[in-house]
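Structure data follow from target.pdb (PDB, C-alpha atoms and all ligand atoms):
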```
ATOM      1  CA  MET A  14       0.000   0.000   0.000
ATOM      2  CA  THR A  15       1.328   3.499  -0.838
ATOM      3  CA  GLN A  16       1.954   5.885   2.037
ATOM      4  CA  PRO A  17      -0.583   8.745   2.395
ATOM      5  CA  ILE A  18       0.677  12.202   1.379
ATOM      6  CA  ARG A  19       1.494  14.186   4.520
ATOM      7  CA  ILE A  20       0.002  17.682   4.454
ATOM      8  CA  ALA A  21       0.582  20.795   6.567
ATOM      9  CA  VAL A  22      -2.130  23.476   6.480
ATOM     10  CA  ALA A  23      -1.018  27.077   7.134
ATOM     11  CA  GLY A  24      -3.819  29.451   8.161
ATOM     12  CA  ALA A  25      -5.506  26.531   9.915
ATOM     13  CA  ALA A  26      -7.786  28.681  12.064
ATOM     14  CA  GLY A  27      -9.166  30.698   9.139
ATOM     15  CA  ARG A  28     -12.352  30.103   7.146
ATOM     16  CA  MET A  29     -10.444  28.310   4.375
ATOM     17  CA  GLY A  30      -8.022  26.614   6.779
ATOM     18  CA  ARG A  31     -10.858  24.765   8.495
ATOM     19  CA  HIS A  32     -12.251  23.575   5.162
ATOM     20  CA  LEU A  33      -8.759  22.547   4.023
ATOM     21  CA  MET A  34      -8.285  20.450   7.170
ATOM     22  CA  GLN A  35     -11.723  18.869   6.664
ATOM     23  CA  ALA A  36     -10.962  18.089   2.989
ATOM     24  CA  THR A  37      -7.593  16.557   3.969
ATOM     25  CA  LEU A  38      -9.068  14.495   6.800
ATOM     26  CA  GLU A  39     -11.837  13.204   4.504
ATOM     27  CA  HIS A  40      -9.385  12.179   1.734
ATOM     28  CA  ALA A  41      -8.284   8.528   1.898
ATOM     29  CA  GLU A  42      -4.845   9.151   0.326
ATOM     30  CA  LEU A  43      -3.930  12.205   2.402
ATOM     31  CA  HIS A  44      -2.844  12.635   5.984
ATOM     32  CA  LEU A  45      -3.096  15.868   7.974
ATOM     33  CA  ALA A  46       0.361  15.949   9.567
ATOM     34  CA  ALA A  47       0.469  19.560  10.821
ATOM     35  CA  ALA A  48      -1.841  22.559  11.181
ATOM     36  CA  VAL A  49      -0.408  26.030  11.748
ATOM     37  CA  ALA A  50      -2.212  29.134  13.008
ATOM     38  CA  ARG A  51      -0.943  32.681  13.557
ATOM     39  CA  PRO A  52       1.080  33.021  16.807
ATOM     40  CA  GLY A  53      -1.211  34.090  19.647
ATOM     41  CA  HIS A  54      -4.366  32.759  17.975
ATOM     42  CA  ALA A  55      -6.861  31.220  20.408
ATOM     43  CA  ALA A  56      -6.925  28.013  18.325
ATOM     44  CA  VAL A  57      -3.258  27.146  19.090
ATOM     45  CA  GLY A  58      -3.188  23.879  21.064
ATOM     46  CA  MET A  59      -6.670  22.807  19.935
ATOM     47  CA  ASP A  60      -7.243  19.545  18.071
ATOM     48  CA  ALA A  61      -7.234  20.222  14.293
ATOM     49  CA  GLY A  62     -10.085  17.788  13.579
ATOM     50  CA  ALA A  63     -12.275  19.341  16.249
ATOM     51  CA  LEU A  64     -11.521  22.834  14.883
ATOM     52  CA  ALA A  65     -12.466  21.641  11.396
ATOM     53  CA  GLY A  66     -15.801  20.413  12.748
ATOM     54  CA  VAL A  67     -15.053  16.733  12.202
ATOM     55  CA  GLU A  68     -13.695  14.066  14.585
ATOM     56  CA  SER A  69     -10.626  14.697  16.750
ATOM     57  CA  CYS A  70      -7.526  13.612  14.829
ATOM     58  CA  GLY A  71      -4.759  13.866  17.431
ATOM     59  CA  VAL A  72      -2.962  16.738  15.644
ATOM     60  CA  ALA A  73      -2.676  19.865  17.796
ATOM     61  CA  ILE A  74      -2.678  23.313  16.132
ATOM     62  CA  VAL A  75       0.807  24.878  16.371
ATOM     63  CA  ASP A  76       2.031  28.413  15.619
ATOM     64  CA  ASP A  77       5.373  27.951  13.801
ATOM     65  CA  LEU A  78       5.527  26.506  10.271
ATOM     66  CA  GLU A  79       9.338  26.322  10.251
ATOM     67  CA  ALA A  80       9.364  24.226  13.439
ATOM     68  CA  ALA A  81       6.530  22.039  12.109
ATOM     69  CA  LEU A  82       8.495  21.352   8.910
ATOM     70  CA  SER A  83      11.694  20.475  10.729
ATOM     71  CA  GLY A  84      10.001  18.289  13.338
ATOM     72  CA  THR A  85       7.627  16.317  11.110
ATOM     73  CA  ASN A  86       7.988  14.620   7.755
ATOM     74  CA  ILE A  87       5.784  16.882   5.614
ATOM     75  CA  ASP A  88       5.327  16.249   1.869
ATOM     76  CA  VAL A  89       3.482  19.476   0.971
ATOM     77  CA  VAL A  90       2.194  22.685   2.580
ATOM     78  CA  ILE A  91      -1.157  24.304   1.728
ATOM     79  CA  ASP A  92      -1.150  28.023   2.573
ATOM     80  CA  PHE A  93      -4.322  30.151   2.702
ATOM     81  CA  THR A  94      -3.262  32.993   4.998
ATOM     82  CA  LEU A  95      -2.504  36.685   4.450
ATOM     83  CA  PRO A  96      -0.101  38.311   1.958
ATOM     84  CA  GLU A  97       2.104  39.421   4.901
ATOM     85  CA  ALA A  98       2.627  35.774   5.895
ATOM     86  CA  LEU A  99       3.770  34.656   2.443
ATOM     87  CA  ALA A 100       7.489  35.543   2.648
ATOM     88  CA  GLY A 101       7.981  33.676   5.942
ATOM     89  CA  ASN A 102       6.037  30.630   4.774
ATOM     90  CA  LEU A 103       7.934  30.504   1.468
ATOM     91  CA  ALA A 104      11.270  30.787   3.297
ATOM     92  CA  ALA A 105      10.296  27.928   5.635
ATOM     93  CA  CYS A 106       9.339  25.737   2.656
ATOM     94  CA  ARG A 107      12.548  26.562   0.795
ATOM     95  CA  GLU A 108      14.637  25.779   3.844
ATOM     96  CA  ALA A 109      12.912  22.409   4.288
ATOM     97  CA  GLY A 110      12.606  21.692   0.529
ATOM     98  CA  VAL A 111       8.839  21.184   0.815
ATOM     99  CA  PRO A 112       6.485  22.059  -2.105
ATOM    100  CA  ILE A 113       3.727  24.581  -1.414
ATOM    101  CA  VAL A 114       0.177  25.170  -2.681
ATOM    102  CA  ILE A 115      -0.767  28.845  -2.250
ATOM    103  CA  GLY A 116      -4.308  30.212  -2.244
ATOM    104  CA  THR A 117      -3.716  33.565  -0.549
ATOM    105  CA  THR A 118      -4.929  36.460  -2.714
ATOM    106  CA  GLY A 119      -4.207  40.204  -2.682
ATOM    107  CA  LEU A 120      -0.470  39.677  -3.367
ATOM    108  CA  SER A 121       1.562  42.717  -4.443
ATOM    109  CA  ALA A 122       3.711  42.696  -7.587
ATOM    110  CA  GLU A 123       6.771  42.239  -5.348
ATOM    111  CA  GLN A 124       5.166  39.277  -3.551
ATOM    112  CA  LYS A 125       4.325  37.679  -6.912
ATOM    113  CA  ALA A 126       7.937  38.211  -8.015
ATOM    114  CA  GLU A 127       9.061  36.492  -4.790
ATOM    115  CA  LEU A 128       6.854  33.525  -5.682
ATOM    116  CA  GLU A 129       8.459  33.297  -9.109
ATOM    117  CA  ARG A 130      11.948  33.422  -7.598
ATOM    118  CA  ALA A 131      11.086  30.687  -5.081
ATOM    119  CA  SER A 132       9.656  28.506  -7.863
ATOM    120  CA  THR A 133      13.114  28.096  -9.407
ATOM    121  CA  HIS A 134      13.950  25.978  -6.325
ATOM    122  CA  LEU A 135      10.539  24.592  -5.286
ATOM    123  CA  PRO A 136       7.413  23.148  -6.913
ATOM    124  CA  ILE A 137       4.661  25.758  -6.270
ATOM    125  CA  VAL A 138       1.009  25.899  -7.284
ATOM    126  CA  PHE A 139      -0.514  29.366  -7.093
ATOM    127  CA  ALA A 140      -4.125  29.940  -8.126
ATOM    128  CA  ALA A 141      -6.450  32.783  -7.215
ATOM    129  CA  ASN A 142      -9.261  30.233  -7.332
ATOM    130  CA  TYR A 143      -9.019  26.469  -6.871
ATOM    131  CA  SER A 144     -12.503  25.566  -8.119
ATOM    132  CA  ALA A 145     -12.737  23.459 -11.277
ATOM    133  CA  GLY A 146     -15.573  25.685 -12.538
ATOM    134  CA  ILE A 147     -13.494  28.874 -12.368
ATOM    135  CA  THR A 148     -10.519  27.147 -13.960
ATOM    136  CA  LEU A 149     -12.738  26.175 -16.885
ATOM    137  CA  SER A 150     -14.327  29.660 -16.944
ATOM    138  CA  LEU A 151     -10.868  31.152 -17.567
ATOM    139  CA  LYS A 152     -10.569  28.957 -20.665
ATOM    140  CA  LEU A 153     -14.052  30.004 -21.840
ATOM    141  CA  LEU A 154     -13.221  33.687 -21.290
ATOM    142  CA  ASP A 155     -10.121  33.356 -23.433
ATOM    143  CA  ILE A 156     -12.158  31.770 -26.255
ATOM    144  CA  ALA A 157     -14.962  34.361 -25.952
ATOM    145  CA  ALA A 158     -12.643  37.387 -25.885
ATOM    146  CA  ARG A 159     -10.681  36.167 -28.929
ATOM    147  CA  ALA A 160     -13.911  35.464 -30.845
ATOM    148  CA  LEU A 161     -15.737  38.699 -29.932
ATOM    149  CA  GLY A 162     -12.719  41.016 -30.043
ATOM    150  CA  ASP A 163     -12.796  44.774 -29.650
ATOM    151  CA  ASP A 164     -16.422  45.135 -30.846
ATOM    152  CA  PHE A 165     -17.654  44.033 -27.421
ATOM    153  CA  ASP A 166     -17.144  45.969 -24.184
ATOM    154  CA  VAL A 167     -15.905  43.767 -21.325
ATOM    155  CA  GLU A 168     -16.926  44.204 -17.681
ATOM    156  CA  VAL A 169     -16.072  41.964 -14.696
ATOM    157  CA  ILE A 170     -18.431  41.958 -11.703
ATOM    158  CA  GLU A 171     -17.740  40.075  -8.499
ATOM    159  CA  ALA A 172     -19.446  39.596  -5.107
ATOM    160  CA  HIS A 173     -17.982  38.245  -1.853
ATOM    161  CA  HIS A 174     -18.810  38.071   1.858
ATOM    162  CA  ARG A 175     -18.353  41.101   4.093
ATOM    163  CA  HIS A 176     -15.123  39.782   5.690
ATOM    164  CA  LYS A 177     -13.067  39.772   2.479
ATOM    165  CA  ILE A 178     -10.200  42.249   2.797
ATOM    166  CA  ASP A 179      -8.994  42.656  -0.813
ATOM    167  CA  ALA A 180     -10.811  44.019  -3.872
ATOM    168  CA  PRO A 181     -11.326  43.260  -6.673
ATOM    169  CA  SER A 182     -10.970  39.561  -5.863
ATOM    170  CA  GLY A 183      -7.851  37.734  -7.028
ATOM    171  CA  THR A 184     -10.139  35.724  -9.306
ATOM    172  CA  ALA A 185     -11.597  38.864 -10.922
ATOM    173  CA  LEU A 186      -8.072  40.174 -11.535
ATOM    174  CA  ARG A 187      -6.987  36.828 -12.996
ATOM    175  CA  MET A 188     -10.034  36.949 -15.276
ATOM    176  CA  GLY A 189      -8.966  40.473 -16.270
ATOM    177  CA  GLU A 190      -5.448  39.231 -17.118
ATOM    178  CA  VAL A 191      -6.839  36.419 -19.280
ATOM    179  CA  LEU A 192      -9.201  38.829 -21.069
ATOM    180  CA  ALA A 193      -6.484  41.450 -21.599
ATOM    181  CA  ASP A 194      -4.069  38.827 -22.982
ATOM    182  CA  ALA A 195      -6.718  37.508 -25.370
ATOM    183  CA  LEU A 196      -7.477  41.055 -26.563
ATOM    184  CA  GLY A 197      -3.813  42.037 -26.927
ATOM    185  CA  ARG A 198      -3.982  44.594 -24.116
ATOM    186  CA  ASP A 199      -2.027  45.161 -20.891
ATOM    187  CA  LEU A 200      -4.331  44.962 -17.867
ATOM    188  CA  SER A 201      -2.337  47.552 -15.911
ATOM    189  CA  ASP A 202      -3.089  50.087 -18.690
ATOM    190  CA  CYS A 203      -6.689  49.204 -19.479
ATOM    191  CA  ALA A 204      -8.323  48.297 -16.119
ATOM    192  CA  VAL A 205     -10.981  50.675 -14.742
ATOM    193  CA  PHE A 206     -11.885  50.001 -11.097
ATOM    194  CA  GLY A 207     -15.398  51.308 -10.342
ATOM    195  CA  ARG A 208     -16.901  54.464 -11.810
ATOM    196  CA  GLU A 209     -18.229  57.604 -10.203
ATOM    197  CA  GLY A 210     -19.197  61.103 -11.234
ATOM    198  CA  ARG A 211     -18.714  62.579 -14.691
ATOM    199  CA  THR A 212     -16.723  59.760 -16.253
ATOM    200  CA  GLY A 213     -17.221  60.601 -19.935
ATOM    201  CA  GLU A 214     -18.078  57.943 -22.500
ATOM    202  CA  ARG A 215     -16.697  54.466 -22.082
ATOM    203  CA  ASP A 216     -13.329  53.897 -23.769
ATOM    204  CA  SER A 217     -13.794  50.702 -25.800
ATOM    205  CA  LYS A 218     -10.261  49.518 -24.956
ATOM    206  CA  THR A 219     -10.897  49.396 -21.201
ATOM    207  CA  ILE A 220     -11.866  46.430 -19.013
ATOM    208  CA  GLY A 221     -14.158  47.467 -16.156
ATOM    209  CA  PHE A 222     -14.315  45.954 -12.649
ATOM    210  CA  GLU A 223     -17.180  46.277 -10.175
ATOM    211  CA  THR A 224     -17.062  44.887  -6.635
ATOM    212  CA  ILE A 225     -19.916  43.928  -4.307
ATOM    213  CA  ARG A 226     -19.235  43.072  -0.637
ATOM    214  CA  GLY A 227     -21.747  41.790   1.880
ATOM    215  CA  GLY A 228     -23.336  39.014   3.889
ATOM    216  CA  ASP A 229     -22.014  35.489   3.479
ATOM    217  CA  VAL A 230     -21.520  35.312  -0.309
ATOM    218  CA  VAL A 231     -18.847  32.631  -0.879
ATOM    219  CA  GLY A 232     -17.821  34.005  -4.295
ATOM    220  CA  GLU A 233     -19.600  35.041  -7.494
ATOM    221  CA  HIS A 234     -18.061  36.257 -10.754
ATOM    222  CA  THR A 235     -19.763  37.422 -13.936
ATOM    223  CA  VAL A 236     -18.018  38.635 -17.083
ATOM    224  CA  MET A 237     -20.246  40.581 -19.477
ATOM    225  CA  PHE A 238     -19.401  40.975 -23.157
ATOM    226  CA  LEU A 239     -21.613  43.883 -24.249
ATOM    227  CA  GLY A 240     -22.136  44.395 -27.968
ATOM    228  CA  GLN A 241     -24.603  46.233 -30.200
ATOM    229  CA  GLY A 242     -27.950  44.465 -29.789
ATOM    230  CA  GLU A 243     -26.601  41.550 -27.799
ATOM    231  CA  ARG A 244     -24.863  40.698 -24.570
ATOM    232  CA  MET A 245     -23.130  37.517 -23.510
ATOM    233  CA  GLU A 246     -22.384  36.626 -19.877
ATOM    234  CA  ILE A 247     -20.229  33.970 -18.287
ATOM    235  CA  THR A 248     -21.106  33.470 -14.611
ATOM    236  CA  HIS A 249     -19.670  31.271 -11.885
ATOM    237  CA  ARG A 250     -21.210  30.963  -8.423
ATOM    238  CA  ALA A 251     -19.478  29.158  -5.579
ATOM    239  CA  SER A 252     -21.890  28.072  -2.852
ATOM    240  CA  SER A 253     -19.405  26.324  -0.540
ATOM    241  CA  ARG A 254     -15.756  26.885   0.404
ATOM    242  CA  MET A 255     -15.317  23.104   0.158
ATOM    243  CA  THR A 256     -15.027  23.536  -3.624
ATOM    244  CA  PHE A 257     -11.830  25.609  -3.141
ATOM    245  CA  ALA A 258     -10.564  23.281  -0.405
ATOM    246  CA  ARG A 259     -11.047  20.108  -2.480
ATOM    247  CA  GLY A 260      -9.323  21.775  -5.444
ATOM    248  CA  ALA A 261      -6.351  22.859  -3.316
ATOM    249  CA  VAL A 262      -6.043  19.412  -1.768
ATOM    250  CA  ARG A 263      -6.112  17.871  -5.266
ATOM    251  CA  ALA A 264      -3.387  20.345  -6.291
ATOM    252  CA  ALA A 265      -1.302  19.232  -3.285
ATOM    253  CA  GLY A 266      -1.558  15.563  -4.300
ATOM    254  CA  TRP A 267      -0.496  16.498  -7.839
ATOM    255  CA  LEU A 268       2.333  18.844  -6.801
ATOM    256  CA  VAL A 269       4.354  16.254  -4.877
ATOM    257  CA  ARG A 270       5.117  14.509  -8.205
ATOM    258  CA  GLN A 271       6.294  17.682 -10.022
ATOM    259  CA  PRO A 272       9.758  19.251 -10.435
ATOM    260  CA  ALA A 273      10.459  22.837  -9.281
ATOM    261  CA  GLY A 274       8.322  25.380 -11.131
ATOM    262  CA  LEU A 275       5.324  27.685 -10.849
ATOM    263  CA  TYR A 276       2.059  25.949 -11.730
ATOM    264  CA  ASP A 277      -1.630  26.864 -11.659
ATOM    265  CA  MET A 278      -4.922  24.965 -11.601
ATOM    266  CA  GLU A 279      -4.914  24.543 -15.386
ATOM    267  CA  ASP A 280      -1.737  22.475 -15.000
ATOM    268  CA  VAL A 281      -3.289  20.467 -12.155
ATOM    269  CA  LEU A 282      -6.429  19.697 -14.180
ATOM    270  CA  GLY A 283      -4.407  18.929 -17.337
ATOM    271  CA  LEU A 284      -6.030  21.761 -19.329
ATOM    272  CA  ARG A 285      -2.811  23.052 -20.921
TER
HETATM  273  P1  LIG B 301      -9.346  34.220   7.105
HETATM  274  O1  LIG B 301      -9.026  35.601   7.541
HETATM  275  O2  LIG B 301     -10.559  33.545   7.654
HETATM  276  O3  LIG B 301      -8.090  33.248   7.414
HETATM  277  C1  LIG B 301      -6.746  33.603   7.298
HETATM  278  C2  LIG B 301      -6.053  32.989   8.495
HETATM  279  O4  LIG B 301      -4.647  33.050   8.334
HETATM  280  C3  LIG B 301      -6.397  33.714   9.807
HETATM  281  O5  LIG B 301      -6.831  32.747  10.765
HETATM  282  C4  LIG B 301      -5.039  34.310  10.216
HETATM  283  O6  LIG B 301      -4.910  34.373  11.628
HETATM  284  C5  LIG B 301      -4.097  33.290   9.615
HETATM  285  N1  LIG B 301      -2.709  33.700   9.524
HETATM  286  C6  LIG B 301      -2.199  34.927   9.262
HETATM  287  N2  LIG B 301      -0.862  34.878   9.258
HETATM  288  C7  LIG B 301      -0.508  33.578   9.523
HETATM  289  C8  LIG B 301       0.707  32.891   9.649
HETATM  290  N3  LIG B 301       1.885  33.520   9.521
HETATM  291  N4  LIG B 301       0.679  31.545   9.907
HETATM  292  C9  LIG B 301      -0.475  30.898  10.029
HETATM  293  N5  LIG B 301      -1.695  31.502   9.935
HETATM  294  C10 LIG B 301      -1.699  32.826   9.671
HETATM  295  O7  LIG B 301      -9.402  34.252   5.526
HETATM  296  P2  LIG B 301      -9.954  33.120   4.522
HETATM  297  O8  LIG B 301     -11.330  33.485   4.094
HETATM  298  O9  LIG B 301      -9.678  31.769   5.081
HETATM  299  O10 LIG B 301      -9.026  33.397   3.259
HETATM  300  C11 LIG B 301      -7.614  33.272   3.356
HETATM  301  C12 LIG B 301      -6.994  33.685   2.031
HETATM  302  O11 LIG B 301      -7.383  32.755   1.020
HETATM  303  C13 LIG B 301      -7.457  35.069   1.532
HETATM  304  O12 LIG B 301      -6.377  35.685   0.875
HETATM  305  C14 LIG B 301      -8.560  34.719   0.530
HETATM  306  O13 LIG B 301      -8.756  35.714  -0.440
HETATM  307  C15 LIG B 301      -7.977  33.473  -0.061
HETATM  308  N6  LIG B 301      -8.938  32.585  -0.718
HETATM  309  C16 LIG B 301      -8.481  31.953  -1.831
HETATM  310  C17 LIG B 301      -9.290  31.050  -2.487
HETATM  311  C18 LIG B 301      -8.720  30.305  -3.676
HETATM  312  O14 LIG B 301      -9.410  29.426  -4.238
HETATM  313  N7  LIG B 301      -7.476  30.618  -4.087
HETATM  314  C19 LIG B 301     -10.571  30.755  -2.009
HETATM  315  C20 LIG B 301     -11.008  31.413  -0.845
HETATM  316  C21 LIG B 301     -10.165  32.313  -0.202
END
```
As structure tokens, what does this structure read like?
Ligand code: NAD
Amino acid sequence: MTQPIRIAVAGAAGRMGRHLMQATLEHAELHLAAAVARPGHAAVGMDAGALAGVESCGVAIVDDLEAALSGTNIDVVIDFTLPEALAGNLAACREAGVPIVIGTTGLSAEQKAELERASTHLPIVFAANYSAGITLSLKLLDIAARALGDDFDVEVIEAHHRHKIDAPSGTALRMGEVLADALGRDLSDCAVFGREGRTGERDSKTIGFETIRGGDVVGEHTVMFLGQGERMEITHRASSRMTFARGAVRAAGWLVRQPAGLYDMEDVLGLR
């Protein structure tokens, strides 16, 4: 029998962390070997299974990823934390030579560059959205934008729960990058974030973003292609965080067999 893949979850006490621990504990070929929360968090010392809302699993939440990686045989880390935590978590993984699946969004250009640098030494999956539906939506957006071209205005609208701290969502920005690439534009030049006041007519070369925040919305994205006399929309609605957690856990199982490099969910799902 093959050994289960040993997973460490960073951000264990967060909304996604709990779902990631549940998805790992429910997966027959994976083993939750470590769960790491922010130092000082009330969850430190608690049983990871109990925190995830499933059975106790005998793994206590700790507060130091580096120590967890040196003390336990970990095959892969899954990190859904905060952008500020990324550098430390990447350094700990590099030091221990452990691949990492990253779901944290709101990364700066410098933090993304750090990811790229680390990926020359480590296998890394980074995706702004680990759901299979969004991964496929990105493909569909590329096809639609190439087919419809500059005759259609493109707008990206997203909605998330009231606790989300970055906007637009990482997924909306990724959609924007895919659309801009397909249309031969540079997103940093053509993105328009929200509109107010006397804006003038819409510039047909822009890509617009609108953000809605409130309640418990898990994540909704719609891209509108607005033409003369017709409008096409591609919409994805996530109704449970388990969809992201199962995707990230699948990515972790895939990543342990890959060489150093920066991968995304299209690689994991074999869509390249
Ligand atoms: P959250 O605020 O509930 O959880 C983040 C957790 O990380 C908190 O418990 C925080 O204390 C902890 N943390 C901060 N620094 C840490 C450190 N150094 N070590 C360990 N833990 C640390 O947020 P969330 O809703 O769980 O989302 C987390 C991130 O994942 C956000 O960036 C969010 O946008 C992103 N996200 C990504 C996807 C995806 O599919 N890629 C899906 C949902 C959320």
Item to check | Protein and nucleic residues near ligand LIG 301 (chain B), 8 Å, all atoms listed in the file, as an MDAnalysis selection string | outcome: chainID A and resid 23:31 49:52 54 76:78 92:99 101:102 115:119 139:144 176:179 182:184 231 254 257:258 260:261
Got time to write the residues from that selection, C-alpha atoms, as a JSON list (two decimals), in the coordinates of the input?
```json
[["chain", "number", "residue", "atom", "x", "y", "z"],
["A", 23, "ALA", "CA", -1.02, 27.08, 7.13],
["A", 24, "GLY", "CA", -3.82, 29.45, 8.16],
["A", 25, "ALA", "CA", -5.51, 26.53, 9.91],
["A", 26, "ALA", "CA", -7.79, 28.68, 12.06],
["A", 27, "GLY", "CA", -9.17, 30.70, 9.14],
["A", 28, "ARG", "CA", -12.35, 30.10, 7.15],
["A", 29, "MET", "CA", -10.44, 28.31, 4.38],
["A", 30, "GLY", "CA", -8.02, 26.61, 6.78],
["A", 31, "ARG", "CA", -10.86, 24.76, 8.49],
["A", 49, "VAL", "CA", -0.41, 26.03, 11.75],
["A", 50, "ALA", "CA", -2.21, 29.13, 13.01],
["A", 51, "ARG", "CA", -0.94, 32.68, 13.56],
["A", 52, "PRO", "CA", 1.08, 33.02, 16.81],
["A", 54, "HIS", "CA", -4.37, 32.76, 17.98],
["A", 76, "ASP", "CA", 2.03, 28.41, 15.62],
["A", 77, "ASP", "CA", 5.37, 27.95, 13.80],
["A", 78, "LEU", "CA", 5.53, 26.51, 10.27],
["A", 92, "ASP", "CA", -1.15, 28.02, 2.57],
["A", 93, "PHE", "CA", -4.32, 30.15, 2.70],
["A", 94, "THR", "CA", -3.26, 32.99, 5.00],
["A", 95, "LEU", "CA", -2.50, 36.68, 4.45],
["A", 96, "PRO", "CA", -0.10, 38.31, 1.96],
["A", 97, "GLU", "CA", 2.10, 39.42, 4.90],
["A", 98, "ALA", "CA", 2.63, 35.77, 5.90],
["A", 99, "LEU", "CA", 3.77, 34.66, 2.44],
["A", 101, "GLY", "CA", 7.98, 33.68, 5.94],
["A", 102, "ASN", "CA", 6.04, 30.63, 4.77],
["A", 115, "ILE", "CA", -0.77, 28.84, -2.25],
["A", 116, "GLY", "CA", -4.31, 30.21, -2.24],
["A", 117, "THR", "CA", -3.72, 33.56, -0.55],
["A", 118, "THR", "CA", -4.93, 36.46, -2.71],
["A", 119, "GLY", "CA", -4.21, 40.20, -2.68],
["A", 139, "PHE", "CA", -0.51, 29.37, -7.09],
["A", 140, "ALA", "CA", -4.12, 29.94, -8.13],
["A", 141, "ALA", "CA", -6.45, 32.78, -7.22],
["A", 142, "ASN", "CA", -9.26, 30.23, -7.33],
["A", 143, "TYR", "CA", -9.02, 26.47, -6.87],
["A", 144, "SER", "CA", -12.50, 25.57, -8.12],
["A", 176, "HIS", "CA", -15.12, 39.78, 5.69],
["A", 177, "LYS", "CA", -13.07, 39.77, 2.48],
["A", 178, "ILE", "CA", -10.20, 42.25, 2.80],
["A", 179, "ASP", "CA", -8.99, 42.66, -0.81],
["A", 182, "SER", "CA", -10.97, 39.56, -5.86],
["A", 183, "GLY", "CA", -7.85, 37.73, -7.03],
["A", 184, "THR", "CA", -10.14, 35.72, -9.31],
["A", 231, "VAL", "CA", -18.85, 32.63, -0.88],
["A", 254, "ARG", "CA", -15.76, 26.88, 0.40],
["A", 257, "PHE", "CA", -11.83, 25.61, -3.14],
["A", 258, "ALA", "CA", -10.56, 23.28, -0.40],
["A", 260, "GLY", "CA", -9.32, 21.78, -5.44],
["A", 261, "ALA", "CA", -6.35, 22.86, -3.32]]
```
Item to check | Point (-0.2, 11.1, 4.0), cut-off 6 Å, counting only C-alpha atoms, residues as a list in words | outcome: Gln16, Pro17, Ile18, Arg19, Leu43 and His44 of chain A
Next on the checklist: Evaluated on this file, the PyMOL selection byres (((chain A and resi 91) around 6) and not hetatm) picks out some residues - which ones are they, written as an MDAnalysis selection string?
Outcome noted: chainID A and resid 22 90 92 113:114
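Among the candidates A:Leu282, A:Val262, A:Ala273, A:Ala185, the one nearest to Pro112 in chain A when counting only C-alpha atoms is A:Ala273.
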Next on the checklist: At a cut-off of 12 Å, using all atoms listed in the file, what residues contact Glu39 in chain A? Leave out same-chain residues fewer than 4 positions from it and give the result as a ChimeraX atom specification.
Outcome noted: /A:32-35,43-45,62,65-68,70,255,258-259,262
Item to check | Picked residues, the PyMOL selection byres (((chain A and resi 166) around 10) and not hetatm), as number ranges by chain | outcome: A: 158, 161-165, 167-168, 215-221, 237-241, 244
For the residues in the current selection, export C-alpha atoms as a PDB file, in the frame of the given file.
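And here is the file that came out, part-v8.pdb:
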```
ATOM      1  CA  ALA A 158     -12.643  37.387 -25.885  1.00  0.00           C
ATOM      2  CA  LEU A 161     -15.737  38.699 -29.932  1.00  0.00           C
ATOM      3  CA  GLY A 162     -12.719  41.016 -30.043  1.00  0.00           C
ATOM      4  CA  ASP A 163     -12.796  44.774 -29.650  1.00  0.00           C
ATOM      5  CA  ASP A 164     -16.422  45.135 -30.846  1.00  0.00           C
ATOM      6  CA  PHE A 165     -17.654  44.033 -27.421  1.00  0.00           C
ATOM      7  CA  VAL A 167     -15.905  43.767 -21.325  1.00  0.00           C
ATOM      8  CA  GLU A 168     -16.926  44.204 -17.681  1.00  0.00           C
ATOM      9  CA  ARG A 215     -16.697  54.466 -22.082  1.00  0.00           C
ATOM     10  CA  ASP A 216     -13.329  53.897 -23.769  1.00  0.00           C
ATOM     11  CA  SER A 217     -13.794  50.702 -25.800  1.00  0.00           C
ATOM     12  CA  LYS A 218     -10.261  49.518 -24.956  1.00  0.00           C
ATOM     13  CA  THR A 219     -10.897  49.396 -21.201  1.00  0.00           C
ATOM     14  CA  ILE A 220     -11.866  46.430 -19.013  1.00  0.00           C
ATOM     15  CA  GLY A 221     -14.158  47.467 -16.156  1.00  0.00           C
ATOM     16  CA  MET A 237     -20.246  40.581 -19.477  1.00  0.00           C
ATOM     17  CA  PHE A 238     -19.401  40.975 -23.157  1.00  0.00           C
ATOM     18  CA  LEU A 239     -21.613  43.883 -24.249  1.00  0.00           C
ATOM     19  CA  GLY A 240     -22.136  44.395 -27.968  1.00  0.00           C
ATOM     20  CA  GLN A 241     -24.603  46.233 -30.200  1.00  0.00           C
ATOM     21  CA  ARG A 244     -24.863  40.698 -24.570  1.00  0.00           C
TER      22      ARG A 244
END
```
